[in-house]
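Engineer: Take a look at the following structure, please.
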Amino acid sequence: MSAIVAALLVLLPTVGLVAIQLLSPFSWRAARVVFNWSSAMSVAAVAALGVVLPMVAAVNPSPFATRLAFAGFGTTLLLLAHATWRGSRRANPGWLVSHTARRVAALAGRTSRSQRAMAAQTELLTELVGATRLPIGQYRTAAANWALVLVLRWHGGERPEEIARAVRLVAADLGREPDAGREDVIAALVALGNHLSRDRVVAEAVIETLGDLAQRARGAGPYVHGEVLLDALVDVIGARLANLLQPRILPALRPPSPNGGGRRRHRAPAELDGRPAHAAEDRLQLLAERSSVENGDAVGLWRGHGPTDAIGAEQGHRRLVSRSVREAMDDATRRALDAQKLLAIFASVAHTQPAAQVTAHSSANMRTRSVDAYDLFLAEVNRLASMLAAPTPESAAWPAGWQGSAAFEADVRRLGHLASQLYSTYRMPPTDAVEEQLELIASRLTEDISPARPLAPDRTGWRTTHTPDPTGPTVAAGETLAELAAAAFHAGFDRQALLAGRRLLSAATMAATAGDGRAVQVYTQALDRVAQQLRWGPSNDTDANQHRSSLVLAGLIAEFDPLLSATPPGQQADEAINELVDWLPWRTEGNPYPLAAAAWQARLIAAGWLVHSPERRRRQPAPAVQPQTLPHTLIAKAEEELQLHLHVDDPIYPAVYLFTLWAHAIAAGREGDRDAAQHLHEYLTRVLDEYDTDEQDDEDAGWPTTEQGNQVEDECDEVPGARRMHPQLRRLIAGAIDWSASAETGRREVVLSGPRALGLHDSLRKLLAASGLIERRYHGLPERDGSYLVVVEEADGSRRLLRDSEAGARGLFAWGYGGTGPRTLADVLTDDILADLDGCPDCFGAIKCAAGLIRCRTCHNTGLRVERWHIASALVRRVISSLPEHPAAAPTILEAEWSLTRAALLAEACRTQRGGRGDREPTKQRSRRSLSTEGCPPVAGSSAEPLPA
């Protein structure tokens with residue numbers, strides 16, 4: 001029997017050697033798990049019972065010893081069979097993964113003495129995840145449990161460097177060769193990186209790992225998980241940035257829940273109030289919110305009650321990985337791993353944050369975090385740009401080469417998503433690197449479309465697809481920039497929205513210069529989509545949102561002239577550009593006529609009629625030029641628009657066309673062409689006759705008519721009928737008719753002059769006395785970074801930030817003294833409180849379209865009232881320099897230092913002080929002789945007067 005057992009005992013090492021051979025891809029650590037101390041005890045028991053005991057019985061034979069020897073022999077056979085069966089079962093990587101998972105569940109939540117065992121399991125799982133020859137099911141289980149072990153160890157107080165080391169070991173193993181199961185470990189890395197995004201060391205390790213794997217995948221070709229890795233990289237970067245950047249939500253911008261006296265009930269602005277409407281559909285925002293930490297307290301993932309320190313001795317032997325968690329893990333590993341499911345599992349087993357990490361986070365310097373966010377954002381944007389696929393197979397200058405038909409579009413949208421995901425959580429990206437890269441991409445696309453050799457002319461458009469493809473490289477770049485502009489606007493970052501829109505304008509200009517009509521159409525459609533998006537949202541009908549959208553559109557229209565100059569007439573892109581310039585001003589919910597007038601001015605600049613004047617010089621007269629006559633197309637358009645809009649609400653719109661036609665006739669007369677003046681005389685006479693005829697017909701039919709020029713909101717808009725022409729506009733038309741009828745049109749300088757109109761101070765006093773002023777309230781807020789903001793509360797209760805013409809609100813204003821910041825605040829505040837009263841009453845602010853050929857004595861060709869400069873100076877001296885101690889500036893909201901109404905500011909600015917020279921009301925101009933105008937007395941208005949040149 002001893003010989004038999006000894007022979008059978010050799011079977012155990014044989015099985016062990018076979019198992020070791022099967023586990024050869026793994027280290028000795030895996031073999032020790034298969035043949036542990038229980039296997040050694042089995043060998044010892046077999047030797048004792050099957051060899052030693054029979055030999056003892058043979059030396060001292062007895063009936064009892066013989067029976068005991070036979071019993072030991074039978075037990076030895078059973079032990080040998082069990083050991084052989086267990087060894088063969090354990091010599092399987094699948095058992096190794098399942099055993100490690102069960103071991104992790106048993107160790108989780110125990111005392112700190114189990115940390116050594118957890119570290120051993122981490123090493124084993126790291127080796128298993130790094131292996132490339134596991135079956136798909138076992139590999140999936142290993143990846144999920146590996147991420148779970150790292151999460152438990154981090155919450156158990158483990159050093160972040162150890163967690164980062166495990167991540168880098170997996171990256172080193174995965175980088176050796178591609179494998180189909182890599183998607184599961186990518187999902188595990190995404191879940192780990194999002195859950196531990198608050199830890200700098202771990203987050204950087206995960207980002208570095210995913211970035212390196214993505215670069216290797218792009219180098220290997222289009223079929224090696226490059227898209228999955230890049231998506232995962234963007235997700236983790238977004239979660240990390242969400243922890244570094246704080247949401248810029250001002251409580252003062254949230255209107256009170258009850259609408260106290262507003263004209264209509266409304267929701268809070270989309271950029272100011274809580275989560276956006278699509279938050280439930282945005283997976284990345286959910287991950288970022290779950291990982292965000294504010295004011296040193298963990299929020300989002302940390303749910304339920306429990307200790308405030310670490311998972312360890314303080315939690316006793318509470319089993320963290322409960323049965324429900326194990327069932328969730330089993331369900332998650334039945335199919336391809338989902339990072340969102342893993343995040344939910346991590347949230348259920350990790351309720352608290354280690355005390356040391358809470359302290360380190362809460363004491364972090366805000367400036368250091370901003371610098372870290374800037375460095376991370378800029379570095380990763382450049383990394384993504386360095387992995388851009390080629391848009392077409394023949395494009396050889398792109399970094400990653402051809403990766404498939406949709407790879408380039410996905411890369412561009414992924415790059416834009418890196419910034420839009422921050423906007424969706426009301427966080428502003430630390431730099432505009434994404435928008436800059438998208439603009440560079442649009443530029444490179446324009447260079448790539450140039451044909452290698454000249455082609456036959458396309459006179460009938462047969463090369464252009466009649467049904468344009470809604471996808472493509474250009475479409476991806478244009479739509480991504482448009483989405484960024486809309487997302488920035490709805491998040492409250494109007495300046496970022498304006499800059500993104502201007503980059504679209506730049507892309508369209510480059511495409512027009514290169515003659516790419518298709519790209520011009522795409523970019524102009526994207527700009528129109530931006531304008532439409534500004535009107536959509538939960539608060540598009542509020543006064544604050546209307547003002548904000550008009551400000552952004554005005555900033556876009558101010559940069560139209562390079563786009564108009566880039567395309568010669570007759571090109572394919574000319575129609576798309578003209579359509580954009582014609583329709584974009586009318587996309588606003590506010591007053592469209594000043595925007596339409598600015599668009600016409602951009603046309604004149606592009607035609608060389610005017611010189612572009614920067615916004616900072618808008619208080620100065622228009623630069624002097626020597627204009628030539630305008631093209632026939634612009635003259636025809638001006639005549640058509642003037643005839644159609646004689647009776648609009650805001651006379652600035654017909655005035656810009658009138659001054660254009662008048663100045664064109666002056667320029668033609670200087671060149672010796674009398675036909676232009678005669679044509680102007682005939683045209684304006686006919687327009688006035690037709691207008692008078694229509695007005696008389698309306699009066700005969702009994703339709704009501706309304707006067708223009710009043711500052712009170714008209715309630716008769718929906719009543720059928722015609723508005724009367726503004727009296728001053730009629731005087732200007734009559735003056736142009738009289739001028740064009742004179743004999744020496746080319747030798748005289750035209751000067752607008754007339755009897756003294758009601759001054760701005762008197763107009764404001766009259767408006768305040770009549771209670772016809774639309775009230776709004778201004779609140780001054782100091783920021784933690786030392787800057788100052790001004791919140792404007794509209795009459796309907798909606799709120800917005802006070803911004804300059806470039807949509808800037810931060811770092812511009814100050815109060816309490818008389819320096820540059822207070823003067824800037826006074827200038828912007830004066831424009832806001834005056835609103836429509838800011839324009840010149842004689843030329844309506846349209847005199848700049850006359851190209852210096854017509855001079856307005858009232859505004860000196862600035863288009864603005866002269867008195868507004870005195871009002872701005874008075875605001876600095878009397879109000880802004882004394883804030884917040886001014887007696888009328890008691891704050892009405894909690895966060896504000898001061899609050900002032902529009903009426904109070906106007907009353908202070910218009911108050912005349914007889915005791916001092918500096919505060920006296922400016923002397924009004926003397927009345928001048930005016931030419932007789934047809935159909936209107938010469939008083940209370942301006943006319944044209946020929947003076948010696």
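Chains: A, B, ... in order of the structure tokens. Residues: from 1 per chain. Ligands: from 1, in order shown.
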Contacts of A:Glu908 at 9 Å or less, counting only C-alpha atoms, minus same-chain residues fewer than 4 places along, as a list in words?
Structural biologist: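 So the residues in contact are Ile871, Ala874, Leu875, Arg878, Val879, Ala903, Ala904 and Thr912 of chain A.
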Engineer: Which polymer residues have any atom within 12 Å of an atom of A:Ile733, counting only C-alpha atoms, with same-chain residues fewer than 3 positions away left out, as number ranges by chain?
Structural biologist: A: 642-643, 646, 654-659, 661-662, 680-689, 725-730, 736-740, 752, 843, 932-936, 942-944
Engineer: As a ChimeraX atom specification, please: the residues near A:Leu244 (cut-off 7 Å, only C-alpha atoms, same-chain neighbours under 5 positions excluded).
Structural biologist: /A:369-370,373
Engineer: What lies within 7 Å of A:Val876 using only C-alpha atoms, ignoring chain neighbours under 5 positions off, as an MDAnalysis selection string?
Structural biologist: chainID A and resid 818 822:823 826 881
Engineer: Quick one: everything within 7 Å of A:Pro247, counting only C-alpha atoms, minus sequence neighbours fewer than 2 positions away in the same chain. Send it as a list of chain:residue names.
Structural biologist: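 In the requested format, the answer is A:Leu245, A:Ile249, A:Thr425, A:Tyr426, A:Arg427.
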Engineer: Could you please determine the separation between atom CA of A:Leu864 and atom CA of A:Leu837 in Å, to one decimal place?
Structural biologist: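 We find that atom CA of A:Leu864 and atom CA of A:Leu837 lie 9.0 Å from each other.
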Engineer: Smallest atom-to-atom distance to A:Ser742: which of A:Ile666, A:Ile833, A:Val236, A:Val371, using only C-alpha atoms?
Structural biologist: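 So, comparing all the options, the nearest one is A:Ile666.
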Engineer: Hey, what's within 7 Å of stretch 772-788 of chain A if we count only C-alpha atoms and toss same-chain stuff fewer than 5 positions away? As a ChimeraX atom specification, please?
Structural biologist: /A:712,767,793-795,810-811,813-814,895-903
Engineer: Please measure the separation of atom CA of A:Val750 and atom CA of A:Ile854, giving the value in Å to one decimal.
Structural biologist: 5.0 Å
Engineer: Give me the residues near A:Thr141 as a PyMOL selection string, where near means some atom within 10 Å (using only C-alpha atoms) and where sequence neighbours in that chain fewer than 5 positions away do not count.
Structural biologist: chain A and resi 94+97-98+100-101+125+129+136+146+184-185+329-330+332-334+337
